[in-house]
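Everything below belongs to work-v9.txt, which stores compact mmCIF, C-alpha atoms.
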```txt
# COMPACT_ATOMS: atom_id res chain seq x y z
CA MET A 13 -171.72 104.98 -58.48
CA SER A 14 -169.64 102.78 -56.15
CA ASP A 15 -172.68 102.41 -53.90
CA ILE A 16 -174.78 101.14 -56.80
CA TRP A 17 -171.98 98.79 -57.90
CA GLY A 18 -171.68 97.44 -54.35
CA LYS A 19 -175.40 96.71 -54.10
CA THR A 20 -175.35 95.04 -57.52
CA TRP A 21 -172.38 92.89 -56.50
CA LEU A 22 -174.08 91.86 -53.27
CA ARG A 23 -177.32 90.95 -55.06
CA SER A 24 -175.41 88.94 -57.66
CA THR A 25 -173.08 87.20 -55.21
CA PHE A 26 -175.77 86.17 -52.71
CA ARG A 27 -178.62 85.65 -55.19
CA SER A 28 -179.24 82.03 -54.15
CA LEU A 29 -180.39 83.28 -50.75
CA ARG A 30 -183.63 84.43 -52.36
CA TYR A 31 -184.73 80.79 -52.39
CA ARG A 32 -186.36 80.01 -49.04
CA ASN A 33 -185.12 76.42 -48.78
CA TYR A 34 -181.55 77.37 -49.60
CA ARG A 35 -181.69 80.31 -47.19
CA LEU A 36 -182.79 77.99 -44.39
CA PHE A 37 -180.05 75.50 -45.21
CA PHE A 38 -177.38 78.21 -45.46
CA ALA A 39 -178.27 79.60 -42.02
CA GLY A 40 -178.51 76.21 -40.30
CA GLN A 41 -175.41 74.84 -41.94
CA GLY A 42 -173.45 78.00 -41.09
CA VAL A 43 -173.98 77.38 -37.36
CA SER A 44 -173.36 73.63 -37.66
CA LEU A 45 -170.06 74.09 -39.52
CA MET A 46 -168.75 76.23 -36.69
CA GLY A 47 -169.40 73.33 -34.35
CA THR A 48 -167.79 70.90 -36.79
CA TRP A 49 -164.56 72.91 -36.89
CA ILE A 50 -164.53 73.21 -33.10
CA GLN A 51 -164.65 69.41 -32.84
CA ARG A 52 -162.04 68.97 -35.59
CA ILE A 53 -159.59 70.98 -33.50
CA ALA A 54 -160.61 69.62 -30.09
CA LEU A 55 -160.45 65.91 -30.93
CA PRO A 56 -156.79 65.78 -32.08
CA TRP A 57 -155.85 67.90 -29.07
CA TYR A 58 -157.70 65.48 -26.77
CA VAL A 59 -156.06 62.42 -28.38
CA PHE A 60 -152.57 63.91 -28.18
CA ARG A 61 -153.08 65.06 -24.58
CA LEU A 62 -154.22 61.56 -23.58
CA THR A 63 -151.59 59.55 -25.45
CA GLY A 64 -148.73 61.89 -26.39
CA SER A 65 -148.46 59.76 -29.54
CA PRO A 66 -148.21 61.38 -33.01
CA PHE A 67 -148.87 57.92 -34.45
CA LEU A 68 -152.24 57.58 -32.68
CA LEU A 69 -153.01 61.14 -33.70
CA GLY A 70 -152.56 60.08 -37.32
CA VAL A 71 -154.56 56.88 -36.82
CA VAL A 72 -157.56 58.81 -35.45
CA SER A 73 -157.40 61.22 -38.38
CA PHE A 74 -157.04 58.36 -40.87
CA ALA A 75 -160.02 56.54 -39.34
CA GLY A 76 -162.18 59.60 -39.93
CA TRP A 77 -161.42 59.70 -43.66
CA ILE A 78 -160.78 56.13 -44.82
CA PRO A 79 -164.46 55.01 -44.97
CA ALA A 80 -164.95 57.35 -47.93
CA ILE A 81 -162.74 55.09 -50.07
CA ILE A 82 -164.81 52.00 -49.33
CA LEU A 83 -168.32 53.40 -48.95
CA SER A 84 -168.58 56.41 -51.32
CA PRO A 85 -169.55 54.45 -54.49
CA VAL A 86 -172.06 52.37 -52.49
CA ALA A 87 -173.43 55.52 -50.82
CA GLY A 88 -173.92 57.25 -54.17
CA ALA A 89 -175.82 54.26 -55.57
CA ILE A 90 -178.06 54.08 -52.50
CA ILE A 91 -178.74 57.82 -52.38
CA ASP A 92 -179.80 57.87 -56.05
CA ARG A 93 -182.46 55.27 -55.17
CA TRP A 94 -183.57 56.95 -51.94
CA ASP A 95 -184.86 60.39 -51.01
CA ARG A 96 -181.62 62.41 -50.56
CA TYR A 97 -183.44 64.86 -48.28
CA LYS A 98 -184.17 62.05 -45.81
CA VAL A 99 -180.62 60.70 -46.16
CA LEU A 100 -179.21 64.15 -45.33
CA LEU A 101 -181.57 64.52 -42.38
CA TRP A 102 -180.45 61.19 -40.95
CA THR A 103 -176.75 61.93 -41.45
CA GLN A 104 -177.18 65.13 -39.43
CA VAL A 105 -178.97 63.26 -36.63
CA LEU A 106 -176.27 60.57 -36.54
CA SER A 107 -173.47 63.18 -36.63
CA MET A 108 -175.09 64.90 -33.65
CA ALA A 109 -175.24 61.57 -31.82
CA GLN A 110 -171.55 60.93 -32.54
CA ALA A 111 -170.54 64.34 -31.15
CA LEU A 112 -172.65 63.84 -28.02
CA ALA A 113 -171.19 60.35 -27.57
CA LEU A 114 -167.71 61.91 -27.60
CA SER A 115 -168.81 64.41 -24.97
CA VAL A 116 -170.34 61.73 -22.73
CA TYR A 117 -167.21 59.61 -23.07
CA TYR A 118 -165.06 62.56 -22.00
CA PHE A 119 -167.16 63.43 -18.96
CA THR A 120 -167.32 59.80 -17.81
CA GLY A 121 -163.53 59.76 -17.65
CA GLY A 122 -162.92 57.75 -20.84
CA SER A 123 -159.28 57.51 -21.91
CA ASP A 124 -159.08 54.51 -24.27
CA PRO A 125 -157.82 55.69 -27.70
CA LEU A 126 -159.49 52.68 -29.32
CA VAL A 127 -162.88 54.16 -28.42
CA LEU A 128 -161.89 57.48 -30.01
CA ILE A 129 -160.70 55.63 -33.12
CA ALA A 130 -164.03 53.77 -33.27
CA LEU A 131 -166.02 57.00 -32.93
CA SER A 132 -163.90 58.64 -35.64
CA LEU A 133 -164.51 55.63 -37.87
CA LEU A 134 -168.24 55.96 -37.22
CA LEU A 135 -168.19 59.62 -38.25
CA GLY A 136 -166.24 58.68 -41.38
CA CYS A 137 -168.97 56.18 -42.32
CA ILE A 138 -171.64 58.82 -41.76
CA ASN A 139 -169.74 61.34 -43.87
CA ALA A 140 -169.40 58.83 -46.72
CA PHE A 141 -173.19 59.16 -47.10
CA ASP A 142 -173.45 62.79 -46.00
CA ILE A 143 -171.07 64.30 -48.58
CA PRO A 144 -172.74 62.99 -51.78
CA ALA A 145 -176.19 63.57 -50.27
CA ARG A 146 -175.31 67.16 -49.34
CA GLN A 147 -173.66 67.91 -52.69
CA SER A 148 -176.51 66.47 -54.76
CA PHE A 149 -179.19 68.09 -52.55
CA VAL A 150 -178.18 71.63 -53.55
CA VAL A 151 -180.06 71.35 -56.85
CA ASP A 152 -183.28 70.59 -54.93
CA MET A 153 -183.05 73.89 -53.03
CA VAL A 154 -182.34 76.18 -56.00
CA ASP A 155 -185.21 76.55 -58.47
CA ASP A 156 -183.19 78.03 -61.33
CA ARG A 157 -180.35 75.78 -62.51
CA LYS A 158 -178.40 78.89 -63.59
CA ASP A 159 -177.97 79.72 -59.89
CA LEU A 160 -176.56 76.28 -59.05
CA GLY A 161 -172.95 77.44 -59.37
CA ASN A 162 -173.71 80.41 -57.12
CA ALA A 163 -175.23 78.16 -54.45
CA ILE A 164 -172.22 75.79 -54.56
CA ALA A 165 -169.81 78.72 -54.29
CA LEU A 166 -171.74 80.16 -51.35
CA ASN A 167 -171.52 76.76 -49.64
CA SER A 168 -167.75 76.91 -50.14
CA SER A 169 -167.57 80.45 -48.75
CA MET A 170 -169.59 79.38 -45.71
CA PHE A 171 -167.27 76.40 -45.15
CA ASN A 172 -164.15 78.57 -45.37
CA ALA A 173 -165.60 81.29 -43.15
CA ALA A 174 -166.19 78.59 -40.53
CA ARG A 175 -162.63 77.32 -41.08
CA LEU A 176 -161.32 80.83 -40.39
CA VAL A 177 -163.30 81.35 -37.18
CA GLY A 178 -163.90 77.84 -35.81
CA PRO A 179 -160.29 76.91 -34.89
CA SER A 180 -159.81 80.17 -32.98
CA VAL A 181 -163.04 79.62 -31.06
CA ALA A 182 -161.97 76.04 -30.35
CA GLY A 183 -158.62 77.20 -28.98
CA ILE A 184 -160.31 79.65 -26.62
CA MET A 185 -162.88 77.07 -25.52
CA ILE A 186 -160.21 74.43 -24.80
CA ALA A 187 -158.24 76.97 -22.78
CA LEU A 188 -161.26 78.17 -20.77
CA THR A 189 -163.20 74.89 -20.45
CA ASN A 190 -162.28 71.46 -21.86
CA GLU A 191 -162.59 69.24 -24.93
CA GLY A 192 -165.82 67.66 -23.66
CA ILE A 193 -167.57 71.03 -23.81
CA CYS A 194 -166.32 71.43 -27.40
CA PHE A 195 -167.85 68.10 -28.38
CA ALA A 196 -171.13 69.03 -26.67
CA VAL A 197 -171.23 72.39 -28.47
CA ASN A 198 -170.77 70.61 -31.79
CA GLY A 199 -173.58 68.23 -30.94
CA ALA A 200 -175.87 71.13 -30.06
CA SER A 201 -174.99 72.96 -33.28
CA PHE A 202 -176.68 70.22 -35.32
CA ILE A 203 -180.03 71.31 -33.88
CA PHE A 204 -179.89 74.32 -36.22
CA VAL A 205 -179.26 72.42 -39.44
CA ILE A 206 -181.78 69.70 -38.51
CA GLY A 207 -184.32 72.42 -37.74
CA SER A 208 -183.63 74.11 -41.09
CA LEU A 209 -184.17 70.84 -42.95
CA LEU A 210 -187.45 70.16 -41.14
CA ALA A 211 -188.69 73.68 -41.96
CA MET A 212 -188.22 73.24 -45.74
CA ASN A 213 -191.02 72.90 -48.26
CA LEU A 214 -189.83 70.50 -50.95
CA ARG A 215 -191.61 69.11 -53.98
CA GLU A 216 -192.09 65.35 -54.16
CA LYS A 217 -189.45 63.83 -56.43
CA GLU A 218 -189.71 60.67 -58.44
CA LEU A 219 -187.27 58.04 -57.19
CA HIS A 220 -185.31 56.07 -59.78
CA GLY A 221 -183.83 52.60 -59.78
CA LYS A 222 -185.76 51.13 -56.86
CA GLY A 223 -185.50 47.37 -56.87
CA GLN A 224 -182.25 47.29 -58.86
CA ALA A 225 -179.22 45.49 -57.45
CA VAL A 226 -176.77 47.86 -55.78
CA MET A 227 -173.77 46.57 -57.75
CA ARG A 228 -175.62 47.12 -61.02
CA VAL A 229 -176.43 50.69 -59.99
CA ILE A 230 -172.77 51.27 -59.02
CA ARG A 231 -171.54 49.92 -62.38
CA GLU A 232 -174.03 52.12 -64.21
CA GLY A 233 -172.84 55.16 -62.27
CA PHE A 234 -169.20 54.32 -62.93
CA ALA A 235 -169.82 53.91 -66.67
CA TYR A 236 -171.78 57.18 -66.75
CA THR A 237 -169.11 59.11 -64.82
CA PHE A 238 -166.01 57.78 -66.56
CA GLY A 239 -167.48 57.12 -70.00
CA PHE A 240 -167.41 60.84 -70.86
CA ALA A 241 -163.76 61.82 -71.41
CA PRO A 242 -163.94 65.48 -70.19
CA VAL A 243 -165.62 64.45 -66.92
CA ARG A 244 -163.15 61.59 -66.55
CA ASN A 245 -160.29 64.06 -67.03
CA ILE A 246 -161.66 66.28 -64.25
CA MET A 247 -161.98 63.31 -61.89
CA VAL A 248 -158.45 62.11 -62.63
CA LEU A 249 -157.06 65.62 -62.13
CA LEU A 250 -158.83 65.94 -58.77
CA ALA A 251 -157.57 62.51 -57.67
CA LEU A 252 -153.98 63.37 -58.64
CA LEU A 253 -153.99 66.69 -56.80
CA SER A 254 -155.73 65.11 -53.80
CA PHE A 255 -152.95 62.51 -53.57
CA MET A 256 -149.85 64.56 -54.42
CA GLY A 257 -150.85 68.15 -53.60
CA MET A 258 -153.71 68.74 -51.17
CA PRO A 259 -152.19 66.65 -48.33
CA PHE A 260 -149.77 69.57 -47.89
CA ILE A 261 -152.07 70.41 -44.96
CA VAL A 262 -150.66 67.52 -42.88
CA LEU A 263 -147.16 68.97 -43.28
CA MET A 264 -148.09 72.47 -42.08
CA PRO A 265 -147.09 71.84 -38.43
CA VAL A 266 -143.66 70.75 -39.69
CA PHE A 267 -143.27 73.86 -41.86
CA ALA A 268 -144.44 76.09 -38.99
CA LYS A 269 -142.05 74.60 -36.43
CA ASP A 270 -139.00 73.29 -38.26
CA VAL A 271 -138.88 75.27 -41.52
CA LEU A 272 -140.19 78.70 -40.45
CA MET A 273 -138.90 78.33 -36.87
CA GLY A 274 -142.23 79.25 -35.31
CA GLY A 275 -144.83 77.63 -33.09
CA PRO A 276 -148.60 77.16 -32.75
CA ARG A 277 -149.21 80.82 -33.62
CA THR A 278 -147.25 80.44 -36.87
CA TYR A 279 -149.28 77.34 -37.69
CA GLY A 280 -152.49 79.26 -37.01
CA PHE A 281 -151.36 82.13 -39.26
CA LEU A 282 -150.58 79.71 -42.11
CA MET A 283 -153.96 77.99 -41.88
CA GLY A 284 -155.72 81.34 -41.55
CA ALA A 285 -153.98 82.65 -44.68
CA MET A 286 -155.11 79.58 -46.60
CA GLY A 287 -158.68 80.04 -45.36
CA ALA A 288 -158.67 83.71 -46.34
CA GLY A 289 -157.53 82.89 -49.88
CA ALA A 290 -160.15 80.15 -50.16
CA LEU A 291 -162.88 82.53 -48.97
CA ILE A 292 -161.90 85.11 -51.62
CA GLY A 293 -161.99 82.41 -54.30
CA ALA A 294 -165.43 81.20 -53.19
CA LEU A 295 -166.86 84.73 -53.24
CA TYR A 296 -165.42 85.29 -56.71
CA LEU A 297 -167.12 82.14 -57.99
CA ALA A 298 -170.37 83.17 -56.31
CA SER A 299 -170.29 86.51 -58.16
CA ARG A 300 -170.14 84.78 -61.59
CA LYS A 301 -173.36 84.68 -63.59
CA ASP A 302 -173.23 81.05 -64.73
CA ALA A 303 -171.02 77.99 -65.24
CA ARG A 304 -169.64 78.95 -68.64
CA GLY A 305 -165.86 79.30 -68.69
CA LEU A 306 -165.30 77.15 -65.61
CA THR A 307 -163.23 74.56 -67.49
CA ARG A 308 -160.63 77.28 -68.13
CA ILE A 309 -160.72 78.22 -64.43
CA ILE A 310 -160.12 74.56 -63.50
CA ALA A 311 -157.14 74.38 -65.84
CA GLY A 312 -155.64 77.69 -64.70
CA SER A 313 -156.24 77.16 -60.98
CA SER A 314 -154.77 73.64 -60.99
CA VAL A 315 -151.58 74.86 -62.69
CA GLY A 316 -151.36 77.88 -60.38
CA PHE A 317 -152.02 75.82 -57.25
CA SER A 318 -149.27 73.35 -58.20
CA ILE A 319 -146.68 76.04 -58.99
CA VAL A 320 -147.36 77.89 -55.73
CA LEU A 321 -146.99 74.61 -53.79
CA VAL A 322 -143.46 74.26 -55.14
CA ALA A 323 -142.72 77.92 -54.34
CA PHE A 324 -144.02 77.41 -50.79
CA SER A 325 -141.74 74.40 -50.31
CA LEU A 326 -138.76 76.67 -51.09
CA SER A 327 -139.80 79.62 -48.89
CA ARG A 328 -138.03 80.24 -45.59
CA TRP A 329 -139.57 83.68 -44.96
CA LEU A 330 -142.84 83.79 -42.98
CA VAL A 331 -144.36 86.77 -44.80
CA LEU A 332 -143.75 85.18 -48.19
CA SER A 333 -145.08 81.84 -46.93
CA LEU A 334 -148.29 83.51 -45.73
CA VAL A 335 -148.81 85.16 -49.13
CA LEU A 336 -148.18 81.86 -50.89
CA MET A 337 -150.57 80.04 -48.55
CA SER A 338 -153.34 82.49 -49.44
CA PHE A 339 -152.79 81.71 -53.13
CA ILE A 340 -152.78 77.98 -52.34
CA GLY A 341 -156.18 78.37 -50.66
CA LEU A 342 -157.44 80.44 -53.59
CA GLY A 343 -156.33 77.88 -56.17
CA MET A 344 -157.68 74.94 -54.20
CA ILE A 345 -161.19 76.38 -53.85
CA LEU A 346 -161.33 77.56 -57.47
CA LEU A 347 -160.42 74.04 -58.58
CA THR A 348 -162.76 72.05 -56.33
CA ALA A 349 -165.80 74.37 -56.42
CA SER A 350 -165.58 74.85 -60.21
CA SER A 351 -165.34 71.09 -60.71
CA ASN A 352 -168.33 70.60 -58.41
CA THR A 353 -170.38 73.17 -60.32
CA ILE A 354 -169.59 71.69 -63.74
CA LEU A 355 -170.41 68.16 -62.66
CA GLN A 356 -173.70 69.16 -61.06
CA THR A 357 -174.66 71.30 -64.05
CA ILE A 358 -174.20 68.65 -66.75
CA VAL A 359 -175.20 65.37 -65.03
CA ASP A 360 -178.62 63.73 -65.21
CA ASP A 361 -180.56 64.11 -61.99
CA ASP A 362 -181.15 60.38 -61.49
CA LYS A 363 -177.37 59.80 -61.49
CA ARG A 364 -176.37 62.93 -59.58
CA ALA A 365 -175.54 61.29 -56.23
CA ARG A 366 -173.44 58.59 -57.90
CA VAL A 367 -171.39 61.17 -59.80
CA MET A 368 -170.95 63.24 -56.64
CA SER A 369 -169.90 60.12 -54.71
CA PHE A 370 -167.04 59.65 -57.20
CA TYR A 371 -166.26 63.36 -56.81
CA ALA A 372 -166.10 62.85 -53.02
CA LEU A 373 -163.95 59.75 -53.55
CA ALA A 374 -161.53 61.70 -55.76
CA ILE A 375 -161.09 64.40 -53.09
CA VAL A 376 -161.98 63.04 -49.65
CA GLY A 377 -161.21 59.36 -50.29
CA ILE A 378 -157.81 59.86 -51.90
CA PHE A 379 -156.73 62.50 -49.37
CA PRO A 380 -155.89 60.11 -46.46
CA LEU A 381 -153.79 57.94 -48.76
CA GLY A 382 -151.92 61.03 -49.92
CA SER A 383 -151.49 62.07 -46.30
CA LEU A 384 -149.84 58.75 -45.47
CA PHE A 385 -147.62 59.09 -48.56
CA MET A 386 -146.61 62.65 -47.65
CA GLY A 387 -145.97 61.74 -44.03
CA PHE A 388 -143.90 58.68 -44.93
CA PHE A 389 -141.59 60.55 -47.33
CA ALA A 390 -141.41 63.71 -45.22
CA ASP A 391 -140.13 61.59 -42.34
CA ARG A 392 -137.30 60.33 -44.54
CA PHE A 393 -136.51 63.17 -46.92
CA GLY A 394 -137.92 66.22 -45.15
CA ALA A 395 -141.14 68.17 -45.63
CA PRO A 396 -139.80 70.76 -48.14
CA LEU A 397 -138.40 68.14 -50.55
CA THR A 398 -141.53 65.99 -50.26
CA LEU A 399 -143.86 68.92 -50.93
CA GLY A 400 -141.70 70.17 -53.79
CA PHE A 401 -141.79 66.72 -55.39
CA GLY A 402 -145.56 66.43 -54.96
CA GLY A 403 -146.08 69.91 -56.39
CA SER A 404 -143.90 69.08 -59.41
CA ILE A 405 -145.99 65.98 -60.20
CA CYS A 406 -149.13 68.13 -59.87
CA ILE A 407 -147.69 70.68 -62.31
CA MET A 408 -147.19 67.99 -64.95
CA GLY A 409 -150.69 66.58 -64.46
CA SER A 410 -152.26 70.05 -64.52
CA LEU A 411 -150.41 71.04 -67.69
CA LEU A 412 -151.59 67.85 -69.36
CA PHE A 413 -155.18 68.63 -68.38
CA ALA A 414 -154.84 72.25 -69.51
CA SER A 415 -153.39 71.18 -72.88
CA ARG A 416 -156.41 68.96 -73.49
CA MET A 417 -158.77 71.83 -72.63
CA ILE A 418 -156.88 74.14 -75.01
CA LEU A 419 -157.03 71.53 -77.78
CA ASN A 420 -160.80 71.35 -77.34
CA GLY A 421 -161.03 75.13 -77.71
CA LYS A 422 -164.47 76.29 -78.81
CA ASN A 423 -165.52 72.67 -79.30
CA ASP A 424 -165.26 71.90 -75.58
CA PRO A 425 -168.06 69.34 -75.00
CA ILE A 426 -168.48 70.48 -71.39
CA GLU A 427 -169.14 74.06 -72.46
CA THR A 428 -171.62 72.76 -75.06
CA LEU A 429 -173.51 70.80 -72.39
CA ILE A 430 -173.53 73.79 -70.02
CA HIS A 431 -175.02 75.94 -72.77
CA GLU A 432 -177.69 73.32 -73.52
CA ARG A 433 -178.67 73.00 -69.86
```
Once you've parsed the file, please lay out its structure as structure tokens.
Amino acid sequence: MSDIWGKTWLRSTFRSLRYRNYRLFFAGQGVSLMGTWIQRIALPWYVFRLTGSPFLLGVVSFAGWIPAIILSPVAGAIIDRWDRYKVLLWTQVLSMAQALALSVYYFTGGSDPLVLIALSLLLGCINAFDIPARQSFVVDMVDDRKDLGNAIALNSSMFNAARLVGPSVAGIMIALTNEGICFAVNGASFIFVIGSLLAMNLREKELHGKGQAVMRVIREGFAYTFGFAPVRNIMVLLALLSFMGMPFIVLMPVFAKDVLMGGPRTYGFLMGAMGAGALIGALYLASRKDARGLTRIIAGSSVGFSIVLVAFSLSRWLVLSLVLMSFIGLGMILLTASSNTILQTIVDDDKRARVMSFYALAIVGIFPLGSLFMGFFADRFGAPLTLGFGGSICIMGSLLFASRMILNGKNDPIETLIHER
């Protein structure tokens, strides 16, 4: 009986892999994400080794994220008027070129942090187009819209599996070789995802809005996204938690060293625990049959995530902190992946990239601002107090969102739209 249940669970959880295009993308992206995480670990290490400056370390990180704030709405408007498959293909080619440029710079003896900042800024600009293109492209690879949530959840599980393994591989590679090799490996990893995209068989899609002014398309997308109160509430909730809650990641080295009295290994354990929790959450979402009930998961996971953040800020025991970090990872992935699934399920296809660009802005664009906020106050009031304050604000925002979902009850317009689609 357990054998039959296990096979049924596997078929249900990984059902999107029966689509050839998605299977190709999943395999190619799985390899590429490993390279991405290797570079994400190697670049800060390289910057800090060259400069010894925590400030420049933060500047390089900030440069990699800040373009999302400026370019995401423009990117969404452009992608909705272009072929998102071609946009995604070009972002992968350009990302590969950026990684190889980093490698060449390393091996030619480059040591100017301004060049590294410029290359990080370039990657941030590429990602401002890549994220909405990638998110909105999922629907083109999955023939049955009912499997859209499964495909999104599998993407999240793949990302978190890479986050679990990639940093460890990067640490070993840096110890045995150097950062330049790490950058080169990341560049080479894009061959797999580019190859998977080229091998796809996709139906021709009608392009909308060609010839319209970009600002008009952006305004139309903004009105569409924020004119529907439930979707607006989700976006505001994501933005709040991205500013006051999710930047907890930047404080993890402080908690590992100064609060839990550990070192790099403690930091690695904390990040690994978060990744493990996120992976469990992604697999749970992948095992669900459809998108119904996800608004309740968003409400519950946002409240739970916020409460556990406050509990983590009070913990001084490593074992308890690791358990709490796993629940933080679980809540974070349930919140973001469920929101992604709902938005992609209910939006019109000709506005999909614009909606997903605002989704990316709410998460990726707000995150660096929250990181600066967290870092500024942690420097003055300490990491535990700063995180506890941020978590408390998130609790209030999450409870407000949850109360509105409860008031909607059976008349939840999002659930009605999901049922109709």
Tell me which of A:Ser201, A:Thr120, A:Ser254, A:Ser168 sits closest to Pro380 of chain A, counting all atoms listed in the file.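 Between A:Ser201, A:Thr120, A:Ser254, A:Ser168, the residue approaching Pro380 of chain A most closely is A:Ser254.
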Point-to-point distance in Å for atom CA of Gly199 of chain A and atom CA of Gln104 of chain A: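 So the two atoms, atom CA of Gln104 of chain A and atom CA of Gly199 of chain A, lie 9.7 Å apart.
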Which residue is closest to Asp159 of chain A? Choose from A:Ala365, A:Ala303, A:Ile407, A:Ile91 and count only C-alpha atoms.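 Among A:Ala365, A:Ala303, A:Ile407, A:Ile91, it is A:Ala303 that comes nearest to Asp159 of chain A.
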Write out as a list in words the residues lying within 10 Å of Gly280 of chain A, counting all atoms listed in the file and excluding same-chain residues fewer than 5 positions away.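 Final neighbour list, sorted by chain and number: Leu176, Pro179, Ser180, Met264, Pro265, Ala268, Gly275, Ala285 and Met286 of chain A.
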Long-range neighbours of segment 33-48 of chain A as a list in words, 6 Å cut-off, all atoms listed in the file, 6 positions minimum in chain: Met153, Ala174, Gly178, Asn198, Ser201, Phe202, Phe204, Val205, Ser208 and Met212 of chain A
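The coordinates place atom CA of Ser28 of chain A at 16.4 Å from atom CA of Asn352 of chain A.
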Name the residues in contact with segment 123-127 of chain A at a cut-off of 12 Å, using only C-alpha atoms, excluding same-chain residues fewer than 3 positions from it; report them as a ChimeraX atom specification. /A:55-56,58-65,67-72,75,110,113-114,116-120,130-134
Restrict the selected residues to C-alpha atoms and save them as a PDB file, keeping the file's coordinate frame.
```pdb
ATOM      1  CA  LEU A  55    -160.450  65.910 -30.930  1.00  0.00           C
ATOM      2  CA  PRO A  56    -156.790  65.780 -32.080  1.00  0.00           C
ATOM      3  CA  TYR A  58    -157.700  65.480 -26.770  1.00  0.00           C
ATOM      4  CA  VAL A  59    -156.060  62.420 -28.380  1.00  0.00           C
ATOM      5  CA  PHE A  60    -152.570  63.910 -28.180  1.00  0.00           C
ATOM      6  CA  ARG A  61    -153.080  65.060 -24.580  1.00  0.00           C
ATOM      7  CA  LEU A  62    -154.220  61.560 -23.580  1.00  0.00           C
ATOM      8  CA  THR A  63    -151.590  59.550 -25.450  1.00  0.00           C
ATOM      9  CA  GLY A  64    -148.730  61.890 -26.390  1.00  0.00           C
ATOM     10  CA  SER A  65    -148.460  59.760 -29.540  1.00  0.00           C
ATOM     11  CA  PHE A  67    -148.870  57.920 -34.450  1.00  0.00           C
ATOM     12  CA  LEU A  68    -152.240  57.580 -32.680  1.00  0.00           C
ATOM     13  CA  LEU A  69    -153.010  61.140 -33.700  1.00  0.00           C
ATOM     14  CA  GLY A  70    -152.560  60.080 -37.320  1.00  0.00           C
ATOM     15  CA  VAL A  71    -154.560  56.880 -36.820  1.00  0.00           C
ATOM     16  CA  VAL A  72    -157.560  58.810 -35.450  1.00  0.00           C
ATOM     17  CA  ALA A  75    -160.020  56.540 -39.340  1.00  0.00           C
ATOM     18  CA  GLN A 110    -171.550  60.930 -32.540  1.00  0.00           C
ATOM     19  CA  ALA A 113    -171.190  60.350 -27.570  1.00  0.00           C
ATOM     20  CA  LEU A 114    -167.710  61.910 -27.600  1.00  0.00           C
ATOM     21  CA  VAL A 116    -170.340  61.730 -22.730  1.00  0.00           C
ATOM     22  CA  TYR A 117    -167.210  59.610 -23.070  1.00  0.00           C
ATOM     23  CA  TYR A 118    -165.060  62.560 -22.000  1.00  0.00           C
ATOM     24  CA  PHE A 119    -167.160  63.430 -18.960  1.00  0.00           C
ATOM     25  CA  THR A 120    -167.320  59.800 -17.810  1.00  0.00           C
ATOM     26  CA  ALA A 130    -164.030  53.770 -33.270  1.00  0.00           C
ATOM     27  CA  LEU A 131    -166.020  57.000 -32.930  1.00  0.00           C
ATOM     28  CA  SER A 132    -163.900  58.640 -35.640  1.00  0.00           C
ATOM     29  CA  LEU A 133    -164.510  55.630 -37.870  1.00  0.00           C
ATOM     30  CA  LEU A 134    -168.240  55.960 -37.220  1.00  0.00           C
TER      31      LEU A 134
END
```
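Nearest-residue note for Leu100 of chain A: choosing from A:Ala251, A:Ala145, A:Leu336, A:Met227, the minimum distance belongs to A:Ala145, counting only C-alpha atoms.
Relative to atom CA of Gln51 of chain A, atom CA of Ile82 of chain A is found at 24.0 Å.
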Measuring atom to atom with only C-alpha atoms, identify which of A:Ile50, A:Ile138, A:Phe195, A:Pro144 is nearest to Ser115 of chain A.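 With only C-alpha atoms as the atom set, the closest residue is A:Phe195.
The closest residue to Lys158 of chain A, picked from A:Leu381, A:Ile358, A:Leu399, A:Ala290 and counting all atoms listed in the file, is A:Ile358.
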From the set A:Gly382, A:Gly88, A:Gly409, A:Gly377, which residue has the shortest atom-to-atom contact distance to Val226 of chain A, counting only C-alpha atoms?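 Closest candidate: A:Gly88.
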Place a sphere of radius 12 Å on (-158.7, 63.0, -58.5) in the file coordinates and name every protein, DNA or RNA residue with an atom inside or on its surface, counting all atoms listed in the file; give the answer as JSON, numbers by chain. {"A": [243, 244, 245, 246, 247, 248, 249, 250, 251, 252, 253, 254, 255, 256, 257, 258, 314, 347, 348, 351, 370, 371, 372, 373, 374, 375, 376, 377, 378, 379, 382, 406, 409, 410, 413]}
Emit as JSON the padded axis-aligned box for all listed atoms of segment 354-369 of chain A, 3 Å per side, with centre and edge lengths in Å to one decimal.
```
{"center_x": -175.4, "center_y": 65.1, "center_z": -60.7, "size_x": 17.6, "size_y": 19.1, "size_z": 18.0}
```
